[in-house]
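One structure below.
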Amino acid sequence: MAEPNMYRYDEFDAQFVAERTAQFRTQVERRLKGELNEDQFKPLRLMNGLYLQLHAYMLRVAVPYGTLSSAQMRKLAHIARVYDKGYGHFTTRQNIQYNWPALVDVPDILEELASVEMHAIQTSGNCIRNVTADHFAGAALDEIEDPRPLAEVIRQWSSLHPEFVFLPRKFKIAVSGAPNDRAALAYHDMAIEIVKNDQGRVGYKVLVGGGMGRTPYIAQVLGDFVEKEDILAFLEAAMRIYNQQGRRDNMYKARIKILTNALGIEEMRRLTGIEFAEIKKAGTLQLPKEELDRITAYFAAPAFETLEDAMPSGDAAFEAWKKTNVHKHRQPGYAIATISLKPIGGVPGDASADQMDAVAAIMDRYSLGEIRVSHEQNLVLPHVRQKDLPAIHAALAGFDLATPNAGLITDIIACPGLDYCDLANARSIPIAQDIAKTFADLDRQHDIGELKIKISGCINACGHHHAGHIGILGVDKKGVEFYQLLLGGSGAEDASIGQIMGPGFTEHEIAGAVERVVNLYLAKREKGERFLDTYRRMGMEPFKNVAYGEELYAVHQG
Amino acid sequence: MPFIKDKALAADSFTAVADDAALADGPVLVSLARFQKDRETLLARNTAIGVRLKSDESPELLGEDVNRLSLVALEFPKFRDGRAFSWARMLRTRLGFTGEIRAVGDFLYDQLAYQHRTGFDAWELPENLTLDDFNRALAEMTNVYQPSADGKKTIRELRAGL
């Protein structure tokens with residue numbers, strides 16, 4: 001079994017997770033004995049990723065910055081098989097969730113996880129959540145620095161932070177080390193972009209106040225260039241302002257995006273600056289270079305072979321997969337390969353225990369034992385030899401994991417929706433399935449090119465509909481599910497919030513409306529334009545005119 | 001209710017005085033509003049003063065007076081309201097307050113360790129909790145990742161052999 005270069009627990013980390021697991025076991029016991037009522041148990045279980053959903057408990061397991069070893073993947077498969085119904089669901093926050101665990105089993109699941117250096121700490125609740133990062137970290141061509149060492153530093157700092165475990169609302173942090181934003185930084189409560197200043201020194205640009213939900217905002221710059229050793233002090237300063245001043249009277253106005261916009265970014269910068277100066281002066285949160293170096297060493301580049309770039313060719317299926325699911329690696333002769341968890345007609349992000357085991361074997365054989373979970377709900381083999389790509393493709397195909405659609409219109413992000421979720425107003429998964437079937441023809445998908453569809457079953461926007469080139473939002477109108485169409489969103493470095501087109505569509509109409517919108521793009525696009533570019537050039541009106549169609553238009557007008 | 005001070009059961013020497021009641025003899029615990037209204041009288045009495053802050057009242061509202069107080073009681077109106085963790089931290093670090101910081105109101109067993117870390121040193125414990133519970137709560141996690149007001153060595157420092 002290959003041992004990837006990733007963070008490994010030392011005795012302190014191991015003890016911390018073991019004690020946290022034991023602590024949660026007693027919390028579950030107290031709940032089962034009735035010493036804690038559900039209201040009291042709720043924040044405790046949420047801090048450990050345990051939700052009470054429509055049908056059962058749901059356990060969300062942290063995959064810090066989306067990096068997994070093959071041993072961890074095998075453990076996730078084992079848990080799916082033994083404690084769940086044989087599958088798991090990879091999420092838009094690079095985590096995995098299990099939809100059917102029994103409460104009494106959860107402490108045992110956590111012990112299983114701890115045995116492979118995993119946990120469910122702070123995957124939910126009003127605290128700092130699992131830190132996410134670019135899924136191409138350490139492999140991307142455009143990277144200034146690998147974002148994962150900093151993400152690990154933040155993971156440790158935020159773990160059971162005594163001041164910030166009962167925040168006004170949840171708090172999501174993302175890190176990217178490249179100018180091309182693959183981590184949706186602009187939509188996070190706080191985000192860190194690794195940048196180089198005029199003197200060539202590497203530091204951190206810190207963003208604050210992005211978010212989706214019912215009030216979407218693009219994050220603004222809180223710190224243009226924060227020195228490496230100051231980053232925790234800076235983050236703690238901003239968190240303290242939020243903990244003190246964030247609204248607690250209305251959960252829909254409790255995120256830091258609302259505070260940032262109420263105070264104004266200038267005031268937010270001023271307050272953070274005062275607090276930051278004080279923390280920095282105290283010195284206890286300064287990050288010593290030795291500690292950052294120590295953690296960075298875990299993520300050292302693997303011992304790559306000296307190879308020439310030589311992309312192999314194969315049959316039509318392989319070529320189609322290569323075109324969309326294989327990305328350039330910074331090391332000659334290597335590639336990054338995306339495993340799509342979006343088979344046509346499947347559930348976005350779901351993987352069976354057998355598929356997870358198959359992936360673990362492929363990781364060991366071809367990807368130095370390592371994989372990433374992407375926020376687009378796919379898996380990414382970060383370091384594969386180009387010459388192995390045909391064999392990888394064949395191995396994946398045997399487990400229905402070779403869908404050649406990464407970045408295409410059928411690579412849809414969708415939340416679990418009303419099929420599973422307590423909060424949802426409408427189903428998401430069947431809509432994703434309908435749309436995928438509508439565009440199942442591969443030539444057509446390739447002709448359409450990059451087009452990100454994102455679907456949420458309610459205004460909380462777990463399916464990131466605001467950031468979709470085409471976004472779909474499920475709403476409930478007098479007991480009937482309706483779907484609003486949004487156009488023009490982006491979660492990348494050109495971040496923008498999608499605009500709502502107009503009245504919603506029924507579940508039977510929405511796929512057709514998407515098809516008419518896409519057809520207009522195909523007819524009107526100029527050379528090299530993605531759907532998003534054409535929309536930005538032409539605006540909403542022409543798309544709206546076709547989306548409703550004559551018949552629908554009459555109905556909605558009536 | 002059980003009262004804990006410096007990790008032991010203790011007698012509360014302060015008398016809580018309602019805003020409209022006459023000041024009792026000896027140490028008193030009053031609201032911020034009462035303190036601001038009767039500030040001169042209270043400071044002239046030459047007995048220990050405690051002020052009880054609601055969760056939306058920053059200790060900075062006490063201004064320079066904070067270090068003339070013996071006790072600041074921080075209220076948890078609901079256990080979900082975590083502002084007092086930051087207020088305690090602020091009292092201990094920014095304001096250099098060395099008196100008693102007392103947790104009052106609605107909080108859970110599972111928050112005791114966080115309170116202790118952020119600078120609380122006295123508790124009006126919920127009725128169902130005992131001193132044993134309190135000690136167990138503080139011992140559940142041996143080490144910590146981040147510095148706080150308790151001055152506890154962090155895992156980073158332990159790693160560095162400090």
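Chain lettering (A, B, ...) mirrors the order of the structure tokens, residue numbering begins at 1 for each chain separately, and ligand numbering begins at 1 in order of display.
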
Report the closest atom pair, with its distance in Å rounded to one decimal, for each residue of range 23-130 of chain B that has an atom no farther than 8 Å from range 144-153 of chain B; count only C-alpha atoms, sort by chain and then rising residue number, and write it as a tab-separated table.
residue	atom	partner	partner_atom	distance
B:Arg89	CA	B:Ala149	CA	5.8
B:Arg92	CA	B:Ala149	CA	6.3
B:Thr93	CA	B:Ala149	CA	6.9
B:His116	CA	B:Asp150	CA	7.1
B:Arg117	CA	B:Asp150	CA	5.0
B:Thr118	CA	B:Ala149	CA	4.9
B:Gly119	CA	B:Ala149	CA	5.2

Residues from the last selection, C-alpha atoms, saved as a short mmCIF file (atom, residue, chain, number, x, y, z; two decimals), in the first residue's frame:
data_model
loop_
_atom_site.label_atom_id
_atom_site.label_comp_id
_atom_site.auth_asym_id
_atom_site.auth_seq_id
_atom_site.Cartn_x
_atom_site.Cartn_y
_atom_site.Cartn_z
CA ARG B 89 -11.14 36.50 26.96
CA ARG B 92 -8.38 38.73 30.90
CA THR B 93 -6.21 39.91 28.03
CA HIS B 116 -12.41 27.73 31.94
CA ARG B 117 -10.09 28.21 28.98
CA THR B 118 -11.39 31.67 28.12
CA GLY B 119 -10.90 33.02 31.64
#

Would you mind writing down, as a short mmCIF file (atom, residue, chain, number, x, y, z; two decimals) with N, CA and C atoms, in the first residue's frame, each residue of range 131-317 of chain A that DSSP on the backbone assigns to strand (DSSP E or B)?
data_model
loop_
_atom_site.label_atom_id
_atom_site.label_comp_id
_atom_site.auth_asym_id
_atom_site.auth_seq_id
_atom_site.Cartn_x
_atom_site.Cartn_y
_atom_site.Cartn_z
N THR A 132 -11.56 23.85 3.62
CA THR A 132 -11.47 23.29 2.27
C THR A 132 -10.32 23.94 1.49
N ALA A 133 -9.90 23.27 0.43
CA ALA A 133 -8.79 23.80 -0.38
C ALA A 133 -8.92 23.33 -1.83
N PHE A 171 -19.30 28.67 10.12
CA PHE A 171 -18.23 29.50 9.57
C PHE A 171 -17.33 28.65 8.69
N ILE A 173 -14.20 28.25 5.93
CA ILE A 173 -12.95 28.84 5.47
C ILE A 173 -12.38 27.98 4.34
N ALA A 174 -11.92 28.64 3.28
CA ALA A 174 -11.28 27.93 2.16
C ALA A 174 -9.92 28.55 1.88
N VAL A 175 -9.02 27.73 1.34
CA VAL A 175 -7.67 28.20 1.02
C VAL A 175 -7.31 27.79 -0.41
N SER A 176 -6.72 28.73 -1.13
CA SER A 176 -6.24 28.40 -2.48
C SER A 176 -4.84 28.95 -2.65
N MET A 190 -14.78 33.21 5.25
CA MET A 190 -13.45 33.78 5.08
C MET A 190 -12.69 32.87 4.13
N ALA A 191 -11.78 33.49 3.38
CA ALA A 191 -11.00 32.70 2.44
C ALA A 191 -9.60 33.29 2.37
N ILE A 192 -8.66 32.42 2.05
CA ILE A 192 -7.27 32.85 1.98
C ILE A 192 -6.71 32.48 0.62
N GLU A 193 -6.20 33.48 -0.07
CA GLU A 193 -5.52 33.22 -1.33
C GLU A 193 -4.03 33.46 -1.10
N ILE A 194 -3.24 32.47 -1.43
CA ILE A 194 -1.79 32.62 -1.30
C ILE A 194 -1.31 33.49 -2.46
N VAL A 195 -0.64 34.58 -2.14
CA VAL A 195 -0.23 35.54 -3.18
C VAL A 195 1.25 35.90 -3.00
N LYS A 196 1.79 36.50 -4.04
CA LYS A 196 3.16 36.98 -3.99
C LYS A 196 3.12 38.50 -4.08
N VAL A 202 5.97 35.65 -0.40
CA VAL A 202 4.67 34.97 -0.39
C VAL A 202 3.94 35.29 0.91
N GLY A 203 2.68 35.62 0.78
CA GLY A 203 1.85 35.90 1.95
C GLY A 203 0.40 35.58 1.62
N TYR A 204 -0.50 36.12 2.42
CA TYR A 204 -1.90 35.73 2.29
C TYR A 204 -2.83 36.92 2.08
N LYS A 205 -3.66 36.79 1.07
CA LYS A 205 -4.76 37.75 0.89
C LYS A 205 -5.98 37.13 1.55
N VAL A 206 -6.60 37.89 2.44
CA VAL A 206 -7.72 37.34 3.21
C VAL A 206 -9.03 37.99 2.78
N LEU A 207 -10.00 37.17 2.44
CA LEU A 207 -11.32 37.65 2.04
C LEU A 207 -12.32 37.38 3.15
N VAL A 208 -13.36 38.19 3.22
CA VAL A 208 -14.38 37.98 4.24
C VAL A 208 -15.76 38.25 3.68
N GLY A 211 -20.83 34.40 0.63
CA GLY A 211 -21.76 33.37 1.06
C GLY A 211 -22.93 33.24 0.12
N TYR A 217 -23.61 36.91 -1.22
CA TYR A 217 -22.63 37.98 -1.33
C TYR A 217 -21.32 37.41 -1.86
N GLN A 220 -15.29 40.15 0.21
CA GLN A 220 -14.49 41.35 -0.02
C GLN A 220 -13.13 41.18 0.67
N VAL A 221 -12.20 42.06 0.30
CA VAL A 221 -10.84 41.91 0.81
C VAL A 221 -10.73 42.50 2.22
N LEU A 222 -10.36 41.66 3.18
CA LEU A 222 -10.18 42.11 4.56
C LEU A 222 -8.71 42.45 4.81
N GLY A 223 -7.82 41.69 4.20
CA GLY A 223 -6.38 41.96 4.33
C GLY A 223 -5.72 41.72 2.99
N ASP A 224 -5.06 42.74 2.44
CA ASP A 224 -4.45 42.60 1.11
C ASP A 224 -3.25 41.66 1.14
N PHE A 225 -2.48 41.79 2.20
CA PHE A 225 -1.27 40.96 2.28
C PHE A 225 -0.93 40.74 3.75
N VAL A 226 -1.30 39.58 4.25
CA VAL A 226 -1.02 39.24 5.65
C VAL A 226 0.23 38.36 5.65
#

Subject >> Pairwise distance for CA of Leu76 in chain A and CA of Arg93 in chain A, rounded to one decimal in Å >> reply: 16.4 Å

**OP:** Pick out the residues sitting within 10 Å of Leu487 in chain A, and hand them over as a ChimeraX atom specification; count only C-alpha atoms, and ignore anything fewer than 2 positions along from it in its own chain.
**Re:** /A:453,465-472,485,489-490,497-501,517,531-532,535-536,539-540,543-544

Original post:
How would you write, as a VMD selection string, the set of residues in range 26-158 of chain B that DSSP gives as alpha helix (DSSP H)?
Top reply: chain B and resid 32 to 37 39 to 44 83 to 92 112 to 118 131 to 139 155 to 158

Subject >> For range 47-63 of chain B: contacts at 8 Å, only C-alpha atoms, fewer than 5 positions along chain excluded, given as a PyMOL selection string >> reply: (chain A and resi 244) or (chain B and resi 14+26-32+35+42+68-77+81+83-84+87+90-91)

Chain B contacts on chain A, only C-alpha atoms, 10 Å, as a compact mmCIF listing (two decimals) with N, CA and C atoms, in the first residue's frame:
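Now in part-v1.txt:
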# COMPACT_ATOMS: atom_id res chain seq x y z
N ASP A 10 0.60 13.14 14.91
CA ASP A 10 1.60 12.77 15.90
C ASP A 10 0.85 12.35 17.17
N GLU A 11 1.59 12.07 18.23
CA GLU A 11 0.95 11.57 19.46
C GLU A 11 -0.11 12.55 19.99
N PHE A 12 0.14 13.85 19.80
CA PHE A 12 -0.79 14.85 20.32
C PHE A 12 -2.10 14.85 19.53
N ASP A 13 -1.98 14.81 18.20
CA ASP A 13 -3.20 14.77 17.37
C ASP A 13 -4.00 13.51 17.67
N GLN A 15 -4.04 11.65 20.37
CA GLN A 15 -4.68 11.71 21.69
C GLN A 15 -5.90 12.64 21.66
N PHE A 16 -5.74 13.74 20.96
CA PHE A 16 -6.82 14.74 20.86
C PHE A 16 -8.07 14.10 20.26
N VAL A 17 -7.90 13.40 19.14
CA VAL A 17 -9.05 12.80 18.46
C VAL A 17 -9.62 11.65 19.31
N ALA A 18 -8.74 10.89 19.95
CA ALA A 18 -9.22 9.78 20.79
C ALA A 18 -10.06 10.32 21.95
N GLU A 19 -9.59 11.39 22.58
CA GLU A 19 -10.34 11.96 23.71
C GLU A 19 -11.65 12.59 23.25
N ARG A 20 -11.60 13.20 22.09
CA ARG A 20 -12.81 13.80 21.55
C ARG A 20 -13.85 12.71 21.25
N ALA A 22 -14.05 9.78 22.78
CA ALA A 22 -14.56 9.31 24.07
C ALA A 22 -15.57 10.31 24.63
N GLN A 23 -15.28 11.58 24.47
CA GLN A 23 -16.18 12.62 24.96
C GLN A 23 -17.54 12.51 24.26
N GLN A 27 -21.47 11.75 25.52
CA GLN A 27 -22.60 12.61 25.16
C GLN A 27 -23.75 11.78 24.58
N GLU A 35 -30.51 11.93 29.93
CA GLU A 35 -29.94 13.03 30.73
C GLU A 35 -29.83 14.32 29.93
N LEU A 36 -29.72 14.17 28.64
CA LEU A 36 -29.74 15.33 27.77
C LEU A 36 -31.01 15.26 26.94
N GLN A 40 -30.73 20.05 24.07
CA GLN A 40 -29.38 20.18 24.64
C GLN A 40 -28.36 19.35 23.86
N PHE A 41 -28.82 18.21 23.35
CA PHE A 41 -27.93 17.32 22.62
C PHE A 41 -27.58 17.90 21.25
N PRO A 43 -26.71 20.88 19.78
CA PRO A 43 -25.44 21.56 19.45
C PRO A 43 -24.23 20.66 19.65
N LEU A 44 -24.34 19.69 20.55
CA LEU A 44 -23.21 18.79 20.81
C LEU A 44 -23.04 17.81 19.66
N ASN A 126 -22.52 25.64 14.81
CA ASN A 126 -22.16 27.04 14.65
C ASN A 126 -20.71 27.28 15.08
N VAL A 153 -2.81 23.96 9.36
CA VAL A 153 -2.57 24.87 10.48
C VAL A 153 -3.90 25.43 10.98
N ARG A 155 -6.87 24.06 10.52
CA ARG A 155 -7.64 22.95 11.10
C ARG A 155 -7.28 22.79 12.57
N GLN A 156 -5.99 22.80 12.86
CA GLN A 156 -5.57 22.60 14.25
C GLN A 156 -6.00 23.78 15.13
N TRP A 157 -5.73 24.98 14.66
CA TRP A 157 -6.09 26.17 15.45
C TRP A 157 -7.58 26.22 15.76
N SER A 158 -8.40 25.81 14.78
CA SER A 158 -9.85 25.95 14.94
C SER A 158 -10.49 24.77 15.69
N SER A 159 -9.71 23.69 15.92
CA SER A 159 -10.30 22.50 16.55
C SER A 159 -10.59 22.76 18.02
N LEU A 160 -11.87 22.73 18.36
CA LEU A 160 -12.34 23.01 19.72
C LEU A 160 -11.77 24.33 20.24
N HIS A 161 -11.73 25.33 19.38
CA HIS A 161 -11.31 26.66 19.82
C HIS A 161 -12.32 27.15 20.86
N PRO A 162 -11.88 27.40 22.09
CA PRO A 162 -12.86 27.62 23.17
C PRO A 162 -13.72 28.87 22.95
N GLU A 163 -13.23 29.80 22.18
CA GLU A 163 -13.98 31.05 22.01
C GLU A 163 -14.98 30.94 20.86
N PHE A 164 -14.72 30.03 19.94
CA PHE A 164 -15.47 30.06 18.68
C PHE A 164 -16.25 28.78 18.38
N VAL A 165 -16.75 28.12 19.43
CA VAL A 165 -17.57 26.94 19.17
C VAL A 165 -19.07 27.21 19.33
N PHE A 166 -19.41 28.40 19.79
CA PHE A 166 -20.81 28.80 19.83
C PHE A 166 -20.96 30.15 19.15
N LEU A 167 -20.60 30.17 17.89
CA LEU A 167 -20.67 31.38 17.07
C LEU A 167 -22.13 31.69 16.74
N PRO A 168 -22.38 32.89 16.18
CA PRO A 168 -23.76 33.16 15.75
C PRO A 168 -24.26 32.15 14.72
N ARG A 169 -23.34 31.66 13.91
CA ARG A 169 -23.74 30.75 12.83
C ARG A 169 -22.50 30.01 12.36
N LEU A 232 -2.75 33.43 11.81
CA LEU A 232 -3.71 32.98 12.84
C LEU A 232 -4.18 34.16 13.68
N MET A 239 -12.51 36.70 13.68
CA MET A 239 -13.49 35.82 14.32
C MET A 239 -14.05 36.47 15.59
N ARG A 240 -13.17 37.15 16.32
CA ARG A 240 -13.61 37.75 17.59
C ARG A 240 -14.63 38.87 17.32
N ILE A 241 -14.37 39.66 16.29
CA ILE A 241 -15.34 40.70 15.92
C ILE A 241 -16.69 40.04 15.59
N TYR A 242 -16.60 38.98 14.83
CA TYR A 242 -17.84 38.28 14.43
C TYR A 242 -18.56 37.68 15.64
N ASN A 243 -17.81 37.03 16.53
CA ASN A 243 -18.46 36.40 17.69
C ASN A 243 -19.14 37.44 18.57
N GLN A 244 -18.54 38.64 18.64
CA GLN A 244 -19.11 39.67 19.50
C GLN A 244 -20.27 40.41 18.83
N GLN A 245 -20.13 40.64 17.53
CA GLN A 245 -21.08 41.55 16.89
C GLN A 245 -22.02 40.90 15.88
N GLY A 246 -21.77 39.67 15.51
CA GLY A 246 -22.67 39.00 14.57
C GLY A 246 -24.06 38.88 15.16
N ARG A 248 -27.53 37.54 16.47
CA ARG A 248 -28.00 36.29 17.04
C ARG A 248 -29.51 36.26 17.18
N GLU A 275 -7.98 44.72 16.74
CA GLU A 275 -7.90 43.44 17.45
C GLU A 275 -6.61 42.70 17.06
N GLU A 278 -3.46 43.90 18.71
CA GLU A 278 -3.37 43.47 20.11
C GLU A 278 -2.94 42.00 20.23
N ILE A 279 -3.53 41.17 19.38
CA ILE A 279 -3.17 39.74 19.45
C ILE A 279 -1.72 39.55 19.02
N ALA A 282 0.60 40.41 21.80
CA ALA A 282 0.68 39.37 22.84
C ALA A 282 1.59 38.23 22.38
N THR A 284 1.29 35.19 21.36
CA THR A 284 1.09 33.75 21.54
C THR A 284 0.54 33.06 20.30
N LEU A 285 -0.07 33.83 19.40
CA LEU A 285 -0.64 33.20 18.21
C LEU A 285 0.26 33.32 16.98
N LEU A 287 2.72 32.41 14.27
CA LEU A 287 3.02 31.09 13.72
C LEU A 287 4.51 31.01 13.39
N PRO A 288 5.27 30.25 14.18
CA PRO A 288 6.71 30.21 13.92
C PRO A 288 6.99 29.54 12.59
N GLU A 290 9.24 27.55 11.88
CA GLU A 290 9.56 26.13 12.08
C GLU A 290 8.30 25.27 12.05
N GLU A 291 7.23 25.79 12.67
CA GLU A 291 6.00 24.99 12.72
C GLU A 291 5.38 24.88 11.33

Non-local contacts of range 477-481 of chain A (12 Å; only C-alpha atoms; under 4 positions in same chain excluded) as an mmCIF file with C-alpha atoms, in the first residue's frame:
data_model
loop_
_atom_site.group_PDB
_atom_site.id
_atom_site.type_symbol
_atom_site.label_atom_id
_atom_site.label_comp_id
_atom_site.auth_asym_id
_atom_site.auth_seq_id
_atom_site.Cartn_x
_atom_site.Cartn_y
_atom_site.Cartn_z
ATOM 1 C CA GLY A 417 -32.804 17.816 -1.517
ATOM 2 C CA LEU A 418 -36.187 16.730 -0.282
ATOM 3 C CA ALA A 424 -35.459 21.191 1.642
ATOM 4 C CA ASN A 425 -38.523 22.569 -0.122
ATOM 5 C CA ALA A 426 -38.071 20.525 -3.264
ATOM 6 C CA ARG A 427 -36.220 17.545 -4.662
ATOM 7 C CA SER A 428 -32.877 18.142 -6.329
ATOM 8 C CA PRO A 430 -34.482 13.887 -9.828
ATOM 9 C CA ILE A 431 -33.960 17.280 -11.500
ATOM 10 C CA GLY A 457 -33.512 22.128 -3.054
ATOM 11 C CA CYS A 458 -33.981 25.196 -0.881
ATOM 12 C CA LEU A 473 -33.389 26.642 -6.942
ATOM 13 C CA PRO A 503 -41.299 32.758 -12.416
ATOM 14 C CA GLY A 504 -40.385 29.176 -11.544
ATOM 15 C CA PHE A 505 -40.866 26.075 -13.654
ATOM 16 C CA THR A 506 -42.517 22.829 -12.660
ATOM 17 C CA GLU A 507 -40.393 19.714 -12.285
ATOM 18 C CA HIS A 508 -41.520 18.595 -15.738
ATOM 19 C CA GLU A 509 -40.671 21.916 -17.381
ATOM 20 C CA ILE A 510 -37.269 22.707 -15.924
#
